[in-house]
2 protein chains.
Amino acid sequence: MSNKQSIEILPIGIVTTDVADDDVARQRRTMVSEIQIFEEYAAGLKGIEEYSHIIVLFWMHRVDRSPRQLVHPRGDPSLPLTGVLASRGRGHPNPIGFAVAELIARDGPRLTVRRLDAYHGTPIIDVKPYDQYDVCTELRTP
Amino acid sequence: MSNKQSIEILPIGIVTTDVADDDVARQRRTMVSEIQIFEEYAAGLKGIEEYSHIIVLFWMHRVDRSPRQLVHPRGDPSLPLTGVLASRGRGHPNPIGFAVAELIARDGPRLTVRRLDAYHGTPIIDVKPYDQYDVCTELRTP
C-alpha cells in the first residue's frame, strides 16, 4: 500500500545539556537544556522569542527500535499493561519525543529551554510555537 | 556530521474525513475525522479511550518540500514576515503536523476525533495521550 511508504526526515538541530542521561527522567520537569538549530534553518527562528513556550519534537535516537504493543505505564510493573500509543513512554513505532518546553532565551540559533526531557546529543526534528489553542483545560485522564 | 543523518519513519495509520481539503482550514476547530491505525499497531491503542484528548502527529504529505525560512503568519501578506519555526503554518523543514484533538470514540483500530486539521488520506506518524503536564496556562504569545 502506497500509504505505508516510509518517510525521510532530517534533523534540524541538536540538544545540549549538562544533565547526565541517568538524571533526565528524574529532572524532566525542571531541567534546562539548549537547542542548537543548524545554521541552514536558523533564520526560521525569527520571532520565536515572542512565545513563552514551544513545542519540541525530537528523535529518541538511543531507543532501540523494536516497538512494543503493550507497556507498563512509567515502567512500573505494578501498573496494568497499557497500549504503547496510550502511554507517553518509550516503545512507540516511531520514537518521536514530544515536549512543551519553556523558552527562556534565544541567542541566534541557540534556544535555552526548561523542561525538555531529552538526552544530550538528541536530534531535534521540529520546533513550533505553543499557542492558546493547544491548551485544553477540561481534560479526562486515567 | 553524523548528527545530520536522515531518519526513516513509517506511517502507522491514515486519516479519513468527509471534510473537503479546501474546507479543512476553515473547519479546523470543529471538524470530525477518523484515524485508522494500521492493524500491526492497533493493539498499542489499548486504554487510550480513557483520555479525553490526544496528541496527533501527522505527515503533511501534500506540502511541497521546499522549506522556507520566513513566512507571513496565516498566509496574510499584511502581517510581517516571521520565521517559519515561529509559525504553525506550512514550510517547516520537516512537514510534521501537530494537533491536540478531542478523542470522541474508539472502535478497535479506529479513533473518532474532533479538531484534527489534516486532509483526508494524511499519514499518521504518532499518537500520544495528552496529559495534565502538557497544559501550560501562563502563556505569552505575540
# chains A, B, ... in the order shown; residues from 1 in each chain; ligands from 1
>>> interface_residues(of="chain A", to="chain B", cutoff="8 Å", atoms="only C-alpha atoms", output="PyMOL selection string")
chain A and resi 3-12+14+41+43-48+50-53+68-70+82-88+92-94+96+99-100+123+125-129+131-132+134-137+139-142
>>> select_by_dssp(residues="chain A", states="strand (DSSP E or B)", output="number ranges by chain")
A: 7-9, 13-16, 32-37, 53-59, 70-71, 82-83, 96-107, 110-114, 123-129
>>> write_last_selection(atoms="C-alpha atoms", output="PDB file, in the first residue's frame")
ATOM      1  CA  ILE A   7       9.119   8.910   5.103  1.00  0.00           C
ATOM      2  CA  GLU A   8      12.505  10.575   5.359  1.00  0.00           C
ATOM      3  CA  ILE A   9      13.061  13.337   7.836  1.00  0.00           C
ATOM      4  CA  GLY A  13      19.279  20.776  15.314  1.00  0.00           C
ATOM      5  CA  ILE A  14      20.666  19.093  18.380  1.00  0.00           C
ATOM      6  CA  VAL A  15      20.155  19.185  22.150  1.00  0.00           C
ATOM      7  CA  THR A  16      22.958  20.048  24.525  1.00  0.00           C
ATOM      8  CA  VAL A  32      17.475  23.323  31.456  1.00  0.00           C
ATOM      9  CA  SER A  33      18.901  22.496  28.024  1.00  0.00           C
ATOM     10  CA  GLU A  34      19.967  24.217  24.876  1.00  0.00           C
ATOM     11  CA  ILE A  35      18.689  23.531  21.417  1.00  0.00           C
ATOM     12  CA  GLN A  36      21.204  24.415  18.739  1.00  0.00           C
ATOM     13  CA  ILE A  37      19.403  24.815  15.421  1.00  0.00           C
ATOM     14  CA  HIS A  53       6.574  28.100  25.391  1.00  0.00           C
ATOM     15  CA  ILE A  54       7.463  25.960  22.408  1.00  0.00           C
ATOM     16  CA  ILE A  55       6.603  22.515  21.166  1.00  0.00           C
ATOM     17  CA  VAL A  56       9.720  20.443  20.597  1.00  0.00           C
ATOM     18  CA  LEU A  57       9.755  17.264  18.538  1.00  0.00           C
ATOM     19  CA  PHE A  58      12.878  15.172  18.845  1.00  0.00           C
ATOM     20  CA  TRP A  59      14.197  11.833  17.743  1.00  0.00           C
ATOM     21  CA  LEU A  70       1.860  -3.076  25.488  1.00  0.00           C
ATOM     22  CA  VAL A  71       3.855  -1.431  28.265  1.00  0.00           C
ATOM     23  CA  THR A  82      -1.440  -0.467  28.593  1.00  0.00           C
ATOM     24  CA  GLY A  83      -1.131   0.153  24.872  1.00  0.00           C
ATOM     25  CA  ILE A  96       9.411  10.710  18.326  1.00  0.00           C
ATOM     26  CA  GLY A  97       9.731  12.625  21.566  1.00  0.00           C
ATOM     27  CA  PHE A  98       7.352  15.485  22.301  1.00  0.00           C
ATOM     28  CA  ALA A  99       7.729  18.178  24.934  1.00  0.00           C
ATOM     29  CA  VAL A 100       6.167  21.514  25.733  1.00  0.00           C
ATOM     30  CA  ALA A 101       9.197  23.471  26.914  1.00  0.00           C
ATOM     31  CA  GLU A 102       9.501  26.910  28.430  1.00  0.00           C
ATOM     32  CA  LEU A 103      11.569  29.145  26.152  1.00  0.00           C
ATOM     33  CA  ILE A 104      13.914  31.003  28.479  1.00  0.00           C
ATOM     34  CA  ALA A 105      16.067  32.755  25.899  1.00  0.00           C
ATOM     35  CA  ARG A 106      17.128  32.841  22.286  1.00  0.00           C
ATOM     36  CA  ASP A 107      20.617  33.737  21.190  1.00  0.00           C
ATOM     37  CA  ARG A 110      20.500  28.723  20.181  1.00  0.00           C
ATOM     38  CA  LEU A 111      17.376  28.304  22.317  1.00  0.00           C
ATOM     39  CA  THR A 112      17.630  27.903  26.071  1.00  0.00           C
ATOM     40  CA  VAL A 113      14.673  25.873  27.298  1.00  0.00           C
ATOM     41  CA  ARG A 114      13.330  24.398  30.519  1.00  0.00           C
ATOM     42  CA  PRO A 123      18.428  15.249  17.240  1.00  0.00           C
ATOM     43  CA  ILE A 124      15.694  17.891  17.000  1.00  0.00           C
ATOM     44  CA  ILE A 125      13.221  17.355  14.158  1.00  0.00           C
ATOM     45  CA  ASP A 126      10.816  20.279  14.629  1.00  0.00           C
ATOM     46  CA  VAL A 127      10.102  23.306  16.754  1.00  0.00           C
ATOM     47  CA  LYS A 128       6.746  25.108  16.818  1.00  0.00           C
ATOM     48  CA  PRO A 129       5.298  27.860  18.983  1.00  0.00           C
TER      49      PRO A 129
END
>>> select_by_dssp(residues="region 9-81 of chain B", states="helix (DSSP H, G or I)", output="number ranges by chain")
B: 21-27, 39-45, 48-50, 73-75
>>> atom_distance(atom1="CA of Arg62 (chain A)", atom2="CA of Arg65 (chain B)")
27.6 Å
>>> atom_distance(atom1="CA of Gln27 (chain B)", atom2="CA of Ala118 (chain B)")
10.5 Å
>>> atom_distance(atom1="CA of Arg28 (chain A)", atom2="CA of Gly75 (chain A)")
15.7 Å
>>> decode(residues="region 3-38 of chain B", atoms="N, CA, C and O atoms", output="PDB file, in the first residue's frame")
ATOM      1  N   ASN B   3      25.298  13.613  13.113  1.00  0.00           N
ATOM      2  CA  ASN B   3      24.021  14.015  13.699  1.00  0.00           C
ATOM      3  C   ASN B   3      23.112  14.698  12.684  1.00  0.00           C
ATOM      4  O   ASN B   3      22.035  15.147  13.040  1.00  0.00           O
ATOM      5  N   LYS B   4      23.539  14.784  11.425  1.00  0.00           N
ATOM      6  CA  LYS B   4      22.632  15.276  10.388  1.00  0.00           C
ATOM      7  C   LYS B   4      22.105  14.145   9.506  1.00  0.00           C
ATOM      8  O   LYS B   4      21.470  14.366   8.482  1.00  0.00           O
ATOM      9  N   GLN B   5      22.404  12.934   9.899  1.00  0.00           N
ATOM     10  CA  GLN B   5      21.950  11.750   9.166  1.00  0.00           C
ATOM     11  C   GLN B   5      20.419  11.715   9.086  1.00  0.00           C
ATOM     12  O   GLN B   5      19.749  12.043  10.060  1.00  0.00           O
ATOM     13  N   SER B   6      19.900  11.306   7.948  1.00  0.00           N
ATOM     14  CA  SER B   6      18.447  11.310   7.828  1.00  0.00           C
ATOM     15  C   SER B   6      17.834  10.143   8.621  1.00  0.00           C
ATOM     16  O   SER B   6      18.497   9.169   8.951  1.00  0.00           O
ATOM     17  N   ILE B   7      16.575  10.295   8.926  1.00  0.00           N
ATOM     18  CA  ILE B   7      15.847   9.397   9.812  1.00  0.00           C
ATOM     19  C   ILE B   7      14.671   8.837   9.028  1.00  0.00           C
ATOM     20  O   ILE B   7      14.006   9.586   8.307  1.00  0.00           O
ATOM     21  N   GLU B   8      14.415   7.555   9.166  1.00  0.00           N
ATOM     22  CA  GLU B   8      13.294   6.964   8.453  1.00  0.00           C
ATOM     23  C   GLU B   8      12.144   6.698   9.408  1.00  0.00           C
ATOM     24  O   GLU B   8      12.333   6.089  10.456  1.00  0.00           O
ATOM     25  N   ILE B   9      10.981   7.191   9.063  1.00  0.00           N
ATOM     26  CA  ILE B   9       9.808   6.905   9.869  1.00  0.00           C
ATOM     27  C   ILE B   9       8.769   6.198   9.008  1.00  0.00           C
ATOM     28  O   ILE B   9       8.816   6.260   7.778  1.00  0.00           O
ATOM     29  N   LEU B  10       7.848   5.531   9.698  1.00  0.00           N
ATOM     30  CA  LEU B  10       6.826   4.763   8.997  1.00  0.00           C
ATOM     31  C   LEU B  10       5.446   5.253   9.391  1.00  0.00           C
ATOM     32  O   LEU B  10       5.184   5.474  10.573  1.00  0.00           O
ATOM     33  N   PRO B  11       4.564   5.428   8.438  1.00  0.00           N
ATOM     34  CA  PRO B  11       3.178   5.741   8.789  1.00  0.00           C
ATOM     35  C   PRO B  11       2.602   4.614   9.658  1.00  0.00           C
ATOM     36  O   PRO B  11       2.883   3.439   9.405  1.00  0.00           O
ATOM     37  N   ILE B  12       1.820   4.984  10.657  1.00  0.00           N
ATOM     38  CA  ILE B  12       1.180   3.959  11.496  1.00  0.00           C
ATOM     39  C   ILE B  12      -0.333   3.945  11.288  1.00  0.00           C
ATOM     40  O   ILE B  12      -1.035   3.127  11.872  1.00  0.00           O
ATOM     41  N   GLY B  13      -0.817   4.858  10.468  1.00  0.00           N
ATOM     42  CA  GLY B  13      -2.255   4.910  10.223  1.00  0.00           C
ATOM     43  C   GLY B  13      -2.562   5.991   9.212  1.00  0.00           C
ATOM     44  O   GLY B  13      -1.653   6.588   8.620  1.00  0.00           O
ATOM     45  N   ILE B  14      -3.840   6.236   9.038  1.00  0.00           N
ATOM     46  CA  ILE B  14      -4.260   7.173   7.999  1.00  0.00           C
ATOM     47  C   ILE B  14      -5.535   7.895   8.451  1.00  0.00           C
ATOM     48  O   ILE B  14      -6.336   7.344   9.209  1.00  0.00           O
ATOM     49  N   VAL B  15      -5.677   9.127   8.004  1.00  0.00           N
ATOM     50  CA  VAL B  15      -6.844   9.940   8.348  1.00  0.00           C
ATOM     51  C   VAL B  15      -7.936   9.751   7.304  1.00  0.00           C
ATOM     52  O   VAL B  15      -7.645   9.777   6.102  1.00  0.00           O
ATOM     53  N   THR B  16      -9.149   9.593   7.758  1.00  0.00           N
ATOM     54  CA  THR B  16     -10.284   9.677   6.836  1.00  0.00           C
ATOM     55  C   THR B  16     -11.241  10.750   7.356  1.00  0.00           C
ATOM     56  O   THR B  16     -11.467  10.859   8.560  1.00  0.00           O
ATOM     57  N   THR B  17     -11.729  11.543   6.441  1.00  0.00           N
ATOM     58  CA  THR B  17     -12.691  12.573   6.822  1.00  0.00           C
ATOM     59  C   THR B  17     -13.548  12.919   5.616  1.00  0.00           C
ATOM     60  O   THR B  17     -13.108  12.777   4.474  1.00  0.00           O
ATOM     61  N   ASP B  18     -14.766  13.364   5.892  1.00  0.00           N
ATOM     62  CA  ASP B  18     -15.655  13.812   4.825  1.00  0.00           C
ATOM     63  C   ASP B  18     -15.403  15.272   4.469  1.00  0.00           C
ATOM     64  O   ASP B  18     -15.959  15.767   3.489  1.00  0.00           O
ATOM     65  N   VAL B  19     -14.614  15.952   5.276  1.00  0.00           N
ATOM     66  CA  VAL B  19     -14.369  17.373   5.015  1.00  0.00           C
ATOM     67  C   VAL B  19     -13.446  17.499   3.796  1.00  0.00           C
ATOM     68  O   VAL B  19     -12.391  16.859   3.734  1.00  0.00           O
ATOM     69  N   ALA B  20     -13.868  18.305   2.841  1.00  0.00           N
ATOM     70  CA  ALA B  20     -13.061  18.516   1.631  1.00  0.00           C
ATOM     71  C   ALA B  20     -11.793  19.287   1.990  1.00  0.00           C
ATOM     72  O   ALA B  20     -11.797  20.111   2.910  1.00  0.00           O
ATOM     73  N   ASP B  21     -10.720  19.026   1.257  1.00  0.00           N
ATOM     74  CA  ASP B  21      -9.429  19.679   1.528  1.00  0.00           C
ATOM     75  C   ASP B  21      -9.582  21.190   1.673  1.00  0.00           C
ATOM     76  O   ASP B  21      -9.010  21.796   2.586  1.00  0.00           O
ATOM     77  N   ASP B  22     -10.345  21.783   0.779  1.00  0.00           N
ATOM     78  CA  ASP B  22     -10.464  23.242   0.781  1.00  0.00           C
ATOM     79  C   ASP B  22     -11.200  23.777   2.006  1.00  0.00           C
ATOM     80  O   ASP B  22     -11.146  24.983   2.278  1.00  0.00           O
ATOM     81  N   ASP B  23     -11.887  22.898   2.719  1.00  0.00           N
ATOM     82  CA  ASP B  23     -12.644  23.351   3.894  1.00  0.00           C
ATOM     83  C   ASP B  23     -11.912  23.090   5.212  1.00  0.00           C
ATOM     84  O   ASP B  23     -12.367  23.522   6.268  1.00  0.00           O
ATOM     85  N   VAL B  24     -10.784  22.379   5.146  1.00  0.00           N
ATOM     86  CA  VAL B  24     -10.100  21.979   6.381  1.00  0.00           C
ATOM     87  C   VAL B  24      -9.645  23.203   7.186  1.00  0.00           C
ATOM     88  O   VAL B  24      -9.859  23.271   8.404  1.00  0.00           O
ATOM     89  N   ALA B  25      -9.053  24.177   6.513  1.00  0.00           N
ATOM     90  CA  ALA B  25      -8.539  25.337   7.254  1.00  0.00           C
ATOM     91  C   ALA B  25      -9.673  26.040   8.004  1.00  0.00           C
ATOM     92  O   ALA B  25      -9.552  26.363   9.188  1.00  0.00           O
ATOM     93  N   ARG B  26     -10.788  26.227   7.323  1.00  0.00           N
ATOM     94  CA  ARG B  26     -11.906  26.959   7.932  1.00  0.00           C
ATOM     95  C   ARG B  26     -12.583  26.156   9.048  1.00  0.00           C
ATOM     96  O   ARG B  26     -13.043  26.712  10.034  1.00  0.00           O
ATOM     97  N   GLN B  27     -12.622  24.836   8.884  1.00  0.00           N
ATOM     98  CA  GLN B  27     -13.348  23.995   9.860  1.00  0.00           C
ATOM     99  C   GLN B  27     -12.426  23.358  10.899  1.00  0.00           C
ATOM    100  O   GLN B  27     -12.855  22.478  11.646  1.00  0.00           O
ATOM    101  N   ARG B  28     -11.170  23.816  10.948  1.00  0.00           N
ATOM    102  CA  ARG B  28     -10.179  23.091  11.754  1.00  0.00           C
ATOM    103  C   ARG B  28     -10.501  22.991  13.242  1.00  0.00           C
ATOM    104  O   ARG B  28     -10.054  22.063  13.905  1.00  0.00           O
ATOM    105  N   ARG B  29     -11.273  23.910  13.759  1.00  0.00           N
ATOM    106  CA  ARG B  29     -11.570  23.879  15.208  1.00  0.00           C
ATOM    107  C   ARG B  29     -12.729  22.949  15.563  1.00  0.00           C
ATOM    108  O   ARG B  29     -12.958  22.657  16.724  1.00  0.00           O
ATOM    109  N   THR B  30     -13.488  22.528  14.583  1.00  0.00           N
ATOM    110  CA  THR B  30     -14.692  21.745  14.881  1.00  0.00           C
ATOM    111  C   THR B  30     -14.777  20.436  14.100  1.00  0.00           C
ATOM    112  O   THR B  30     -15.597  19.579  14.431  1.00  0.00           O
ATOM    113  N   MET B  31     -13.970  20.288  13.066  1.00  0.00           N
ATOM    114  CA  MET B  31     -14.166  19.153  12.171  1.00  0.00           C
ATOM    115  C   MET B  31     -13.932  17.807  12.865  1.00  0.00           C
ATOM    116  O   MET B  31     -13.118  17.691  13.771  1.00  0.00           O
ATOM    117  N   VAL B  32     -14.663  16.810  12.394  1.00  0.00           N
ATOM    118  CA  VAL B  32     -14.561  15.453  12.931  1.00  0.00           C
ATOM    119  C   VAL B  32     -13.910  14.562  11.873  1.00  0.00           C
ATOM    120  O   VAL B  32     -14.231  14.658  10.692  1.00  0.00           O
ATOM    121  N   SER B  33     -12.976  13.737  12.315  1.00  0.00           N
ATOM    122  CA  SER B  33     -12.272  12.823  11.404  1.00  0.00           C
ATOM    123  C   SER B  33     -12.140  11.475  12.079  1.00  0.00           C
ATOM    124  O   SER B  33     -12.362  11.340  13.279  1.00  0.00           O
ATOM    125  N   GLU B  34     -11.701  10.524  11.275  1.00  0.00           N
ATOM    126  CA  GLU B  34     -11.318   9.244  11.850  1.00  0.00           C
ATOM    127  C   GLU B  34      -9.855   8.983  11.576  1.00  0.00           C
ATOM    128  O   GLU B  34      -9.339   9.340  10.508  1.00  0.00           O
ATOM    129  N   ILE B  35      -9.226   8.379  12.561  1.00  0.00           N
ATOM    130  CA  ILE B  35      -7.863   7.890  12.389  1.00  0.00           C
ATOM    131  C   ILE B  35      -7.967   6.380  12.379  1.00  0.00           C
ATOM    132  O   ILE B  35      -8.461   5.781  13.344  1.00  0.00           O
ATOM    133  N   GLN B  36      -7.509   5.790  11.291  1.00  0.00           N
ATOM    134  CA  GLN B  36      -7.490   4.331  11.197  1.00  0.00           C
ATOM    135  C   GLN B  36      -6.047   3.903  11.436  1.00  0.00           C
ATOM    136  O   GLN B  36      -5.168   4.189  10.623  1.00  0.00           O
ATOM    137  N   ILE B  37      -5.798   3.279  12.580  1.00  0.00           N
ATOM    138  CA  ILE B  37      -4.443   2.783  12.876  1.00  0.00           C
ATOM    139  C   ILE B  37      -4.272   1.437  12.165  1.00  0.00           C
ATOM    140  O   ILE B  37      -5.170   0.593  12.192  1.00  0.00           O
ATOM    141  N   PHE B  38      -3.133   1.244  11.505  1.00  0.00           N
ATOM    142  CA  PHE B  38      -2.921   0.003  10.766  1.00  0.00           C
ATOM    143  C   PHE B  38      -2.905  -1.179  11.759  1.00  0.00           C
ATOM    144  O   PHE B  38      -2.462  -1.044  12.906  1.00  0.00           O
TER     145      PHE B  38
END
